[in-house]
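Visitor: The structure's right below; bear with me while I get my questions together.
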Amino acid sequence: MTDEVSDLMKKADDFLIAKNLIEAANIYCHVIESANFSATNTEHLSLAYNNRGQTKYLCVDFNGAIEDYTSAIEIRKDQPIAYYNRGLVHYRMGRFEKGVQDFELALYYDSKFDDARTALNVANQSMNSKGNESQ
């Protein structure tokens with residue numbers, strides 16, 4: 001990744017942390033649109049999609065967030081954070097089974113991902129509770 005792209009990602013990350021979501025999303029969009037799809041920048045492109053998905057999630061654009069997390073995964077299938085984030089959205093939307101699948105994939109790629117393990121346990125409990133209510 002070039003220094004310019006690294007600087008843009010850092011700037012966007014700072015905006016995201018500060019909850020300046022519009023500025024963060026605009027910069028992530030710029031990084032995504034200007035990326036060439038070489039093997040050397042797939043990690044950073046995947047991260048830009050993941051982080052733009054986070055801005056959409058925080059703006060309660062759940063479908064847009066899922067699309068970006070899915071794009072991040074399509075670019076780099078081994079990104080546990082994208083599976084985790086997509087799983088959180090599915091969980092929040094009541095799609096517990098899809099959330100469980102994503103949390104399991106996050107743990108497949110990073111077995112020490114404690115937040116994913118906790119989310120998996122909660123999603124399984126919610127799925128079991130939902131199943132018991134319908135009986």
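Simple scheme: letters A, B, ... for chains in structure tokens order, numbers from 1 for residues in each chain, numbers from 1 for ligands in the order shown.
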So that I can check the secondary structure, give me every residue of chain A assigned helix (DSSP H, G or I) by backbone DSSP, as number ranges by chain.
Guide: A: 3-17, 21-34, 39-58, 62-75, 80-92, 96-109, 114-133
Visitor: Do you know which residues are at most 12 Å from Asn121 (chain A) counting only C-alpha atoms, after dropping those on the same chain fewer than 3 positions away, and could you put them as a list in words?
Guide: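 Selected residues are Tyr91, Phe96, Glu97, Gly99, Val100, Gln101, Phe103, Glu104, Leu107, Asp114, Asp115, Ala116, Arg117, Thr118, Asn124, Gln125, Ser126, Met127 and Asn128 of chain A.
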Visitor: The selected residues should be written to file as a PDB file, in the first residue's frame (atoms: C-alpha atoms).
Guide:
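And here is the file that came out, again_5.pdb:
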ATOM      1  CA  TYR A  91     -27.807 -10.886  15.064  1.00  0.00           C
ATOM      2  CA  PHE A  96     -29.466 -15.600  14.611  1.00  0.00           C
ATOM      3  CA  GLU A  97     -28.480 -18.541  12.390  1.00  0.00           C
ATOM      4  CA  GLY A  99     -24.985 -14.531  12.900  1.00  0.00           C
ATOM      5  CA  VAL A 100     -23.865 -17.877  14.314  1.00  0.00           C
ATOM      6  CA  GLN A 101     -22.389 -18.886  10.940  1.00  0.00           C
ATOM      7  CA  PHE A 103     -19.175 -15.837  14.315  1.00  0.00           C
ATOM      8  CA  GLU A 104     -18.028 -19.409  13.687  1.00  0.00           C
ATOM      9  CA  LEU A 107     -13.328 -18.003  15.072  1.00  0.00           C
ATOM     10  CA  ASP A 114     -12.790 -13.473  22.328  1.00  0.00           C
ATOM     11  CA  ASP A 115     -15.494 -11.032  21.204  1.00  0.00           C
ATOM     12  CA  ALA A 116     -16.508 -13.442  18.437  1.00  0.00           C
ATOM     13  CA  ARG A 117     -16.640 -16.309  20.932  1.00  0.00           C
ATOM     14  CA  THR A 118     -18.841 -14.263  23.276  1.00  0.00           C
ATOM     15  CA  ASN A 124     -26.708 -19.516  20.206  1.00  0.00           C
ATOM     16  CA  GLN A 125     -28.589 -18.730  23.417  1.00  0.00           C
ATOM     17  CA  SER A 126     -30.893 -16.363  21.539  1.00  0.00           C
ATOM     18  CA  MET A 127     -31.486 -18.945  18.830  1.00  0.00           C
ATOM     19  CA  ASN A 128     -32.285 -21.595  21.456  1.00  0.00           C
TER      20      ASN A 128
END
Visitor: Here is a test: counting only C-alpha atoms, which residue of A:Ile17, A:Leu8, A:Cys29, A:Val122 is nearest to Arg92 (chain A)?
Guide: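 Once distances to Arg92 (chain A) are computed over only C-alpha atoms, the minimum belongs to A:Val122.
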Visitor: Name the residues in contact with Tyr28 (chain A) at a cut-off of 6 Å, using only C-alpha atoms, excluding same-chain residues fewer than 3 positions from it; report them as a list in words.
Guide: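 Final neighbour list, sorted by chain and number: Ala25, Val31, Ala48 and Arg52 of chain A.
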Visitor: Using N, CA and C atoms, can you write the selected residues to a file as an mmCIF file, in the first residue's frame?
Guide:
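Just written: selection.cif:
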data_model
loop_
_atom_site.group_PDB
_atom_site.id
_atom_site.type_symbol
_atom_site.label_atom_id
_atom_site.label_comp_id
_atom_site.auth_asym_id
_atom_site.auth_seq_id
_atom_site.Cartn_x
_atom_site.Cartn_y
_atom_site.Cartn_z
ATOM 1 N N ALA A 25 -16.580 7.811 5.963
ATOM 2 C CA ALA A 25 -17.138 7.064 4.833
ATOM 3 C C ALA A 25 -16.643 7.627 3.504
ATOM 4 N N VAL A 31 -10.728 5.519 -1.101
ATOM 5 C CA VAL A 31 -9.735 4.438 -1.111
ATOM 6 C C VAL A 31 -10.238 3.273 -1.955
ATOM 7 N N ALA A 48 -10.805 -1.369 4.077
ATOM 8 C CA ALA A 48 -11.569 -0.169 3.730
ATOM 9 C C ALA A 48 -13.058 -0.506 3.615
ATOM 10 N N ARG A 52 -15.816 0.975 6.117
ATOM 11 C CA ARG A 52 -16.960 1.714 5.581
ATOM 12 C C ARG A 52 -18.259 1.035 6.026
#
Visitor: Which of these, A:Leu21, A:Ala72, A:Ala35, A:Leu88, has the shortest distance to Thr55 (chain A) once you count only C-alpha atoms?
Guide: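 The answer is A:Leu21, which sits nearest to Thr55 (chain A).
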Visitor: Would you mind listing what lies within 10 Å of region 80-84 of chain A as a PDB file with N, CA and C atoms, in the first residue's frame, with only C-alpha atoms counted and same-chain residues fewer than 6 positions away left out?
Guide:
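The result, written out as result_35.pdb:
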ATOM      1  N   SER A  46      -9.841  -4.700   1.596  1.00  0.00           N
ATOM      2  CA  SER A  46     -10.802  -5.405   2.436  1.00  0.00           C
ATOM      3  C   SER A  46     -11.095  -4.607   3.709  1.00  0.00           C
ATOM      4  N   LEU A  47     -10.059  -4.064   4.298  1.00  0.00           N
ATOM      5  CA  LEU A  47     -10.231  -3.265   5.516  1.00  0.00           C
ATOM      6  C   LEU A  47     -11.026  -1.987   5.239  1.00  0.00           C
ATOM      7  N   TYR A  49     -13.385  -1.632   2.972  1.00  0.00           N
ATOM      8  CA  TYR A  49     -14.795  -2.053   2.902  1.00  0.00           C
ATOM      9  C   TYR A  49     -15.341  -2.348   4.297  1.00  0.00           C
ATOM     10  N   ASN A  50     -14.565  -3.058   5.104  1.00  0.00           N
ATOM     11  CA  ASN A  50     -15.011  -3.372   6.461  1.00  0.00           C
ATOM     12  C   ASN A  50     -15.292  -2.099   7.250  1.00  0.00           C
ATOM     13  N   ASN A  51     -14.374  -1.159   7.192  1.00  0.00           N
ATOM     14  CA  ASN A  51     -14.530   0.065   7.983  1.00  0.00           C
ATOM     15  C   ASN A  51     -15.647   0.950   7.448  1.00  0.00           C
ATOM     16  N   GLY A  53     -18.245  -0.285   6.090  1.00  0.00           N
ATOM     17  CA  GLY A  53     -19.403  -1.010   6.626  1.00  0.00           C
ATOM     18  C   GLY A  53     -19.703  -0.596   8.053  1.00  0.00           C
ATOM     19  N   GLN A  54     -18.661  -0.360   8.821  1.00  0.00           N
ATOM     20  CA  GLN A  54     -18.845   0.088  10.216  1.00  0.00           C
ATOM     21  C   GLN A  54     -19.531   1.446  10.259  1.00  0.00           C
ATOM     22  N   ILE A  66     -24.005  -4.773   5.666  1.00  0.00           N
ATOM     23  CA  ILE A  66     -23.836  -6.176   5.275  1.00  0.00           C
ATOM     24  C   ILE A  66     -23.184  -6.264   3.900  1.00  0.00           C
ATOM     25  N   ASP A  68     -21.114  -4.137   2.518  1.00  0.00           N
ATOM     26  CA  ASP A  68     -19.686  -3.813   2.618  1.00  0.00           C
ATOM     27  C   ASP A  68     -18.904  -4.914   3.329  1.00  0.00           C
ATOM     28  N   TYR A  69     -19.460  -5.483   4.386  1.00  0.00           N
ATOM     29  CA  TYR A  69     -18.761  -6.578   5.069  1.00  0.00           C
ATOM     30  C   TYR A  69     -18.605  -7.770   4.119  1.00  0.00           C
ATOM     31  N   THR A  70     -19.637  -8.024   3.322  1.00  0.00           N
ATOM     32  CA  THR A  70     -19.565  -9.120   2.356  1.00  0.00           C
ATOM     33  C   THR A  70     -18.499  -8.825   1.294  1.00  0.00           C
ATOM     34  N   SER A  71     -18.417  -7.587   0.839  1.00  0.00           N
ATOM     35  CA  SER A  71     -17.364  -7.214  -0.115  1.00  0.00           C
ATOM     36  C   SER A  71     -15.989  -7.430   0.492  1.00  0.00           C
ATOM     37  N   ALA A  72     -15.827  -7.050   1.749  1.00  0.00           N
ATOM     38  CA  ALA A  72     -14.544  -7.257   2.431  1.00  0.00           C
ATOM     39  C   ALA A  72     -14.181  -8.738   2.458  1.00  0.00           C
ATOM     40  N   ILE A  73     -15.170  -9.574   2.720  1.00  0.00           N
ATOM     41  CA  ILE A  73     -14.944 -11.024   2.780  1.00  0.00           C
ATOM     42  C   ILE A  73     -14.630 -11.583   1.395  1.00  0.00           C
ATOM     43  N   HIS A  90     -26.384  -9.299  11.450  1.00  0.00           N
ATOM     44  CA  HIS A  90     -27.386 -10.358  11.330  1.00  0.00           C
ATOM     45  C   HIS A  90     -28.050 -10.602  12.687  1.00  0.00           C
ATOM     46  N   GLY A  99     -25.953 -15.075  11.955  1.00  0.00           N
ATOM     47  CA  GLY A  99     -24.985 -14.531  12.900  1.00  0.00           C
ATOM     48  C   GLY A  99     -24.067 -15.620  13.431  1.00  0.00           C
ATOM     49  N   VAL A 100     -24.654 -16.745  13.808  1.00  0.00           N
ATOM     50  CA  VAL A 100     -23.865 -17.877  14.314  1.00  0.00           C
ATOM     51  C   VAL A 100     -22.858 -18.333  13.263  1.00  0.00           C
ATOM     52  N   GLN A 101     -23.302 -18.457  12.011  1.00  0.00           N
ATOM     53  CA  GLN A 101     -22.389 -18.886  10.940  1.00  0.00           C
ATOM     54  C   GLN A 101     -21.207 -17.932  10.812  1.00  0.00           C
ATOM     55  N   ASP A 102     -21.493 -16.625  10.850  1.00  0.00           N
ATOM     56  CA  ASP A 102     -20.399 -15.659  10.714  1.00  0.00           C
ATOM     57  C   ASP A 102     -19.475 -15.661  11.923  1.00  0.00           C
ATOM     58  N   PHE A 103     -20.027 -15.790  13.118  1.00  0.00           N
ATOM     59  CA  PHE A 103     -19.175 -15.837  14.315  1.00  0.00           C
ATOM     60  C   PHE A 103     -18.285 -17.076  14.279  1.00  0.00           C
ATOM     61  N   GLU A 104     -18.838 -18.191  13.804  1.00  0.00           N
ATOM     62  CA  GLU A 104     -18.028 -19.409  13.687  1.00  0.00           C
ATOM     63  C   GLU A 104     -16.896 -19.225  12.678  1.00  0.00           C
ATOM     64  N   LEU A 105     -17.177 -18.554  11.565  1.00  0.00           N
ATOM     65  CA  LEU A 105     -16.124 -18.299  10.583  1.00  0.00           C
ATOM     66  C   LEU A 105     -15.064 -17.348  11.133  1.00  0.00           C
ATOM     67  N   ALA A 106     -15.495 -16.352  11.895  1.00  0.00           N
ATOM     68  CA  ALA A 106     -14.524 -15.451  12.525  1.00  0.00           C
ATOM     69  C   ALA A 106     -13.589 -16.246  13.426  1.00  0.00           C
ATOM     70  N   LEU A 107     -14.150 -17.183  14.180  1.00  0.00           N
ATOM     71  CA  LEU A 107     -13.328 -18.003  15.072  1.00  0.00           C
ATOM     72  C   LEU A 107     -12.482 -19.015  14.310  1.00  0.00           C
ATOM     73  N   TYR A 108     -12.945 -19.459  13.164  1.00  0.00           N
ATOM     74  CA  TYR A 108     -12.153 -20.357  12.324  1.00  0.00           C
ATOM     75  C   TYR A 108     -10.860 -19.657  11.909  1.00  0.00           C
ATOM     76  N   TYR A 109     -10.965 -18.387  11.538  1.00  0.00           N
ATOM     77  CA  TYR A 109      -9.790 -17.646  11.075  1.00  0.00           C
ATOM     78  C   TYR A 109      -8.975 -17.051  12.219  1.00  0.00           C
ATOM     79  N   ASP A 110      -9.593 -16.907  13.390  1.00  0.00           N
ATOM     80  CA  ASP A 110      -8.862 -16.407  14.565  1.00  0.00           C
ATOM     81  C   ASP A 110      -9.477 -17.035  15.810  1.00  0.00           C
ATOM     82  N   SER A 111      -8.921 -18.159  16.209  1.00  0.00           N
ATOM     83  CA  SER A 111      -9.481 -18.922  17.335  1.00  0.00           C
ATOM     84  C   SER A 111      -9.368 -18.191  18.672  1.00  0.00           C
ATOM     85  N   PHE A 113     -10.223 -14.964  19.069  1.00  0.00           N
ATOM     86  CA  PHE A 113     -11.076 -13.783  18.926  1.00  0.00           C
ATOM     87  C   PHE A 113     -12.181 -13.867  19.987  1.00  0.00           C
ATOM     88  N   ASP A 115     -14.204 -11.675  21.454  1.00  0.00           N
ATOM     89  CA  ASP A 115     -15.494 -11.032  21.204  1.00  0.00           C
ATOM     90  C   ASP A 115     -16.360 -11.898  20.296  1.00  0.00           C
ATOM     91  N   ALA A 116     -15.754 -12.551  19.327  1.00  0.00           N
ATOM     92  CA  ALA A 116     -16.508 -13.442  18.437  1.00  0.00           C
ATOM     93  C   ALA A 116     -17.024 -14.654  19.214  1.00  0.00           C
ATOM     94  N   ARG A 117     -16.217 -15.167  20.121  1.00  0.00           N
ATOM     95  CA  ARG A 117     -16.640 -16.309  20.932  1.00  0.00           C
ATOM     96  C   ARG A 117     -17.825 -15.918  21.828  1.00  0.00           C
ATOM     97  N   ALA A 119     -19.945 -13.430  21.275  1.00  0.00           N
ATOM     98  CA  ALA A 119     -21.098 -13.187  20.399  1.00  0.00           C
ATOM     99  C   ALA A 119     -21.712 -14.509  19.942  1.00  0.00           C
ATOM    100  N   LEU A 120     -20.883 -15.497  19.650  1.00  0.00           N
ATOM    101  CA  LEU A 120     -21.380 -16.806  19.238  1.00  0.00           C
ATOM    102  C   LEU A 120     -22.229 -17.424  20.354  1.00  0.00           C
TER     103      LEU A 120
END
Visitor: Can you work out the spacing between CA of Ala12 (chain A) and CA of Ala65 (chain A) in Å, to one decimal?
Guide: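 Distance reported for this atom pair: 16.5 Å.
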